[in-house]
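J.: Got a structure here, written out as structure tokens. Questions coming.
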Amino acid sequence: MSFNKPTKFGLAVVAIVTAITLVWIFFFTGTQSLDGIWLSNTDSMPVVYELNGKTKKVNTTHPIKKIIEGKEAKKEFVQKLSALNLPNIKTLADVDKKFHLKTKEVVIFKTDGSALYNLLQSNGTNVIFSDDLDDLAYYKSNLSEFKKRAVFQKIEYPDVLVGKWKNVTNNDDHLVFQITKNGASNTDVTAIYPLVDTDRINDKSGNSHSSDDKKNTEFEQVKKEIKNQGYTVKSAREVYKEAYTNSYIVPVDGGKKVIVLDKDYNFKSMVEKVK
């Protein structure tokens, strides 16, 4: 369950998880970890790693069964790569040269029936391929698209939205749901970011900037609809957006309630914090 309808969002997550075969994510060393929410651009679905619990998972429903690192991981990656029979891409060094990478380590996550090959980069990014590595062939002639779609960065889930919530929208189901710091609840994952961070997120993935004028226009439209609902929002910094759906998430009443507007600024629902 997220701040949007749970069934549609859950199905969307499952569809994206099975469809996405190439992502970039940020990698931390030492006391930091991959645990958290990763987003390529504001129109994409997030990738969520939950690595601190007893059961390590990808997007909350895919348990990680095995982790392979070091020389063994590099060897397995090269074996998979050789099966593609791509001209001039036979080794890990060839992959780095072709896609302008600087891989310092390979880590493999194995889930039920599949594997994710992580190419950890010296600049802190990470490239992930599915176990068939077909995206290497697909992107070999389109570096700009590779960068645009594949660069993921970590998104900190807003503290004001973490906790237990109840849908209090009229004629709705009044469902109670829990949102964790990783933006996960049951079978759902979501990435929510401040409206003012839109440019920063999209710039990392190679997308064009949205202008300040556009963000100001968005805020004024949100402000107007929130007022229609009997509440006020004073700053664009108080407005959040949900990646992929582009819904607006607006805490009101001192954070005790949250109003959700769709991408066209129409009221969708209201949730209330449960003590």
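Residues in the structure tokens are named by chain (A, B, ... in the order shown) and by number from 1 within that chain; ligands are numbered from 1 in the order shown.
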Contacts of range 126-128 of chain A at 12 Å or less, counting only C-alpha atoms, minus same-chain residues fewer than 3 places along, as a VMD selection string?
T.: chain A and resid 20 to 28 34 38 40 47 77 95 to 96 99 to 109 115 to 123 131 to 136 146 to 147 149 to 154
J.: Given only C-alpha atoms, how would the per-residue table for range 238-270 of chain A near range 180-190 of chain A read, listing every residue at most 9 Å away with its closest atom pair and distance in Å to one decimal, sorted by chain and number, as a Markdown table?
T.:
| residue | atom | partner | partner_atom | distance |
| --- | --- | --- | --- | --- |
| A:Glu242 | CA | A:Thr190 | CA | 7.1 |
| A:Ala243 | CA | A:Thr190 | CA | 7.3 |
| A:Tyr244 | CA | A:Thr190 | CA | 8.8 |
J.: Mind writing the picked residues with N, CA and C atoms as a JSON list (two decimals), in the first residue's frame?
T.:
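Written file, out_5.json:
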[["chain", "number", "residue", "atom", "x", "y", "z"],
["A", 242, "GLU", "N", 5.38, 11.76, -6.14],
["A", 242, "GLU", "CA", 5.66, 10.34, -6.22],
["A", 242, "GLU", "C", 6.17, 10.01, -7.62],
["A", 243, "ALA", "N", 7.34, 9.38, -7.68],
["A", 243, "ALA", "CA", 7.90, 9.00, -8.97],
["A", 243, "ALA", "C", 6.97, 8.05, -9.70],
["A", 244, "TYR", "N", 7.03, 8.10, -11.00],
["A", 244, "TYR", "CA", 6.27, 7.26, -11.92],
["A", 244, "TYR", "C", 4.82, 7.74, -12.07]]
J.: List every residue of range 13-240 of chain A that DSSP, applied to the backbone, labels as helix (DSSP H, G or I), and write the result as a VMD selection string.
T.: chain A and resid 13 to 19 70 to 84 92 to 99 134 to 139 143 to 150 159 to 161 195 to 204 212 to 228 236 to 238
J.: Please produce a file of the residues just selected, as a CSV table (one decimal), in the first residue's frame, where the atoms kept are C-alpha atoms.
T.:
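File part.csv, as written:
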chain,number,residue,atom,x,y,z
A,13,VAL,CA,5.6,-2.7,-9.3
A,14,VAL,CA,5.4,-6.4,-10.2
A,15,ALA,CA,5.3,-5.5,-13.9
A,16,ILE,CA,8.3,-3.2,-13.7
A,17,VAL,CA,10.4,-5.6,-11.6
A,18,THR,CA,9.9,-8.3,-14.2
A,19,ALA,CA,10.5,-5.9,-17.1
A,70,GLY,CA,35.3,-10.8,-5.7
A,71,LYS,CA,37.1,-13.0,-8.3
A,72,GLU,CA,34.3,-15.5,-8.4
A,73,ALA,CA,31.7,-12.8,-9.4
A,74,LYS,CA,34.0,-11.4,-12.1
A,75,LYS,CA,34.6,-14.8,-13.5
A,76,GLU,CA,30.9,-15.6,-13.7
A,77,PHE,CA,30.2,-12.2,-15.4
A,78,VAL,CA,32.8,-12.8,-18.1
A,79,GLN,CA,31.5,-16.3,-18.7
A,80,LYS,CA,28.0,-14.8,-19.3
A,81,LEU,CA,29.5,-12.1,-21.4
A,82,SER,CA,31.3,-14.5,-23.7
A,83,ALA,CA,28.0,-16.3,-24.5
A,84,LEU,CA,26.7,-13.1,-26.1
A,92,LEU,CA,35.0,-6.6,-18.3
A,93,ALA,CA,37.6,-4.0,-19.5
A,94,ASP,CA,35.8,-4.0,-22.9
A,95,VAL,CA,32.5,-3.2,-21.2
A,96,ASP,CA,34.1,-0.4,-19.3
A,97,LYS,CA,35.6,1.1,-22.5
A,98,LYS,CA,32.4,0.8,-24.5
A,99,PHE,CA,30.1,2.4,-21.9
A,134,ASP,CA,21.0,-8.8,-23.3
A,135,ASP,CA,21.0,-5.1,-22.5
A,136,LEU,CA,24.7,-4.9,-23.3
A,137,ALA,CA,23.8,-5.7,-26.9
A,138,TYR,CA,20.7,-3.4,-26.9
A,139,TYR,CA,22.6,-0.3,-25.6
A,143,LEU,CA,25.3,5.5,-25.1
A,144,SER,CA,23.1,8.5,-24.4
A,145,GLU,CA,20.0,6.3,-23.9
A,146,PHE,CA,22.1,4.0,-21.6
A,147,LYS,CA,23.0,7.0,-19.4
A,148,LYS,CA,19.5,8.5,-19.5
A,149,ARG,CA,17.7,5.4,-18.4
A,150,ALA,CA,20.3,3.6,-16.3
A,159,ASP,CA,10.5,11.4,7.5
A,160,VAL,CA,7.1,13.2,7.6
A,161,LEU,CA,5.6,10.4,5.6
A,195,LEU,CA,9.2,19.0,-5.7
A,196,VAL,CA,12.2,21.3,-5.4
A,197,ASP,CA,14.5,18.3,-6.1
A,198,THR,CA,13.1,17.5,-9.5
A,199,ASP,CA,15.9,19.1,-11.5
A,200,ARG,CA,18.6,17.4,-9.4
A,201,ILE,CA,17.2,14.0,-9.9
A,202,ASN,CA,16.6,14.3,-13.6
A,203,ASP,CA,20.0,15.9,-14.2
A,204,LYS,CA,21.7,12.8,-12.8
A,212,ASP,CA,11.9,27.2,-12.0
A,213,ASP,CA,8.9,28.7,-13.7
A,214,LYS,CA,7.5,25.2,-14.2
A,215,LYS,CA,8.0,24.3,-10.6
A,216,ASN,CA,6.4,27.6,-9.5
A,217,THR,CA,3.4,26.9,-11.7
A,218,GLU,CA,3.1,23.4,-10.2
A,219,PHE,CA,3.2,24.8,-6.7
A,220,GLU,CA,0.6,27.4,-7.4
A,221,GLN,CA,-1.8,24.8,-8.8
A,222,VAL,CA,-1.2,22.5,-5.8
A,223,LYS,CA,-1.6,25.4,-3.4
A,224,LYS,CA,-5.0,26.3,-5.0
A,225,GLU,CA,-6.4,22.7,-4.8
A,226,ILE,CA,-5.1,22.3,-1.2
A,227,LYS,CA,-7.0,25.5,-0.3
A,228,ASN,CA,-10.1,24.1,-1.9
A,236,ALA,CA,7.1,24.4,-2.6
A,237,ARG,CA,9.4,22.7,-0.1
A,238,GLU,CA,6.3,21.3,1.7
J.: Could you tell me how far CA of Pro63 in chain A lies from CA of Glu50 in chain A, in Å and to one decimal?
T.: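 CA of Glu50 in chain A lies 9.3 Å from CA of Pro63 in chain A.
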J.: Could you work out how far CA of Gly36 in chain A lies from CA of Ile259 in chain A, giving the answer in Å with one decimal?
T.: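 CA of Ile259 in chain A sits 24.7 Å away from CA of Gly36 in chain A.
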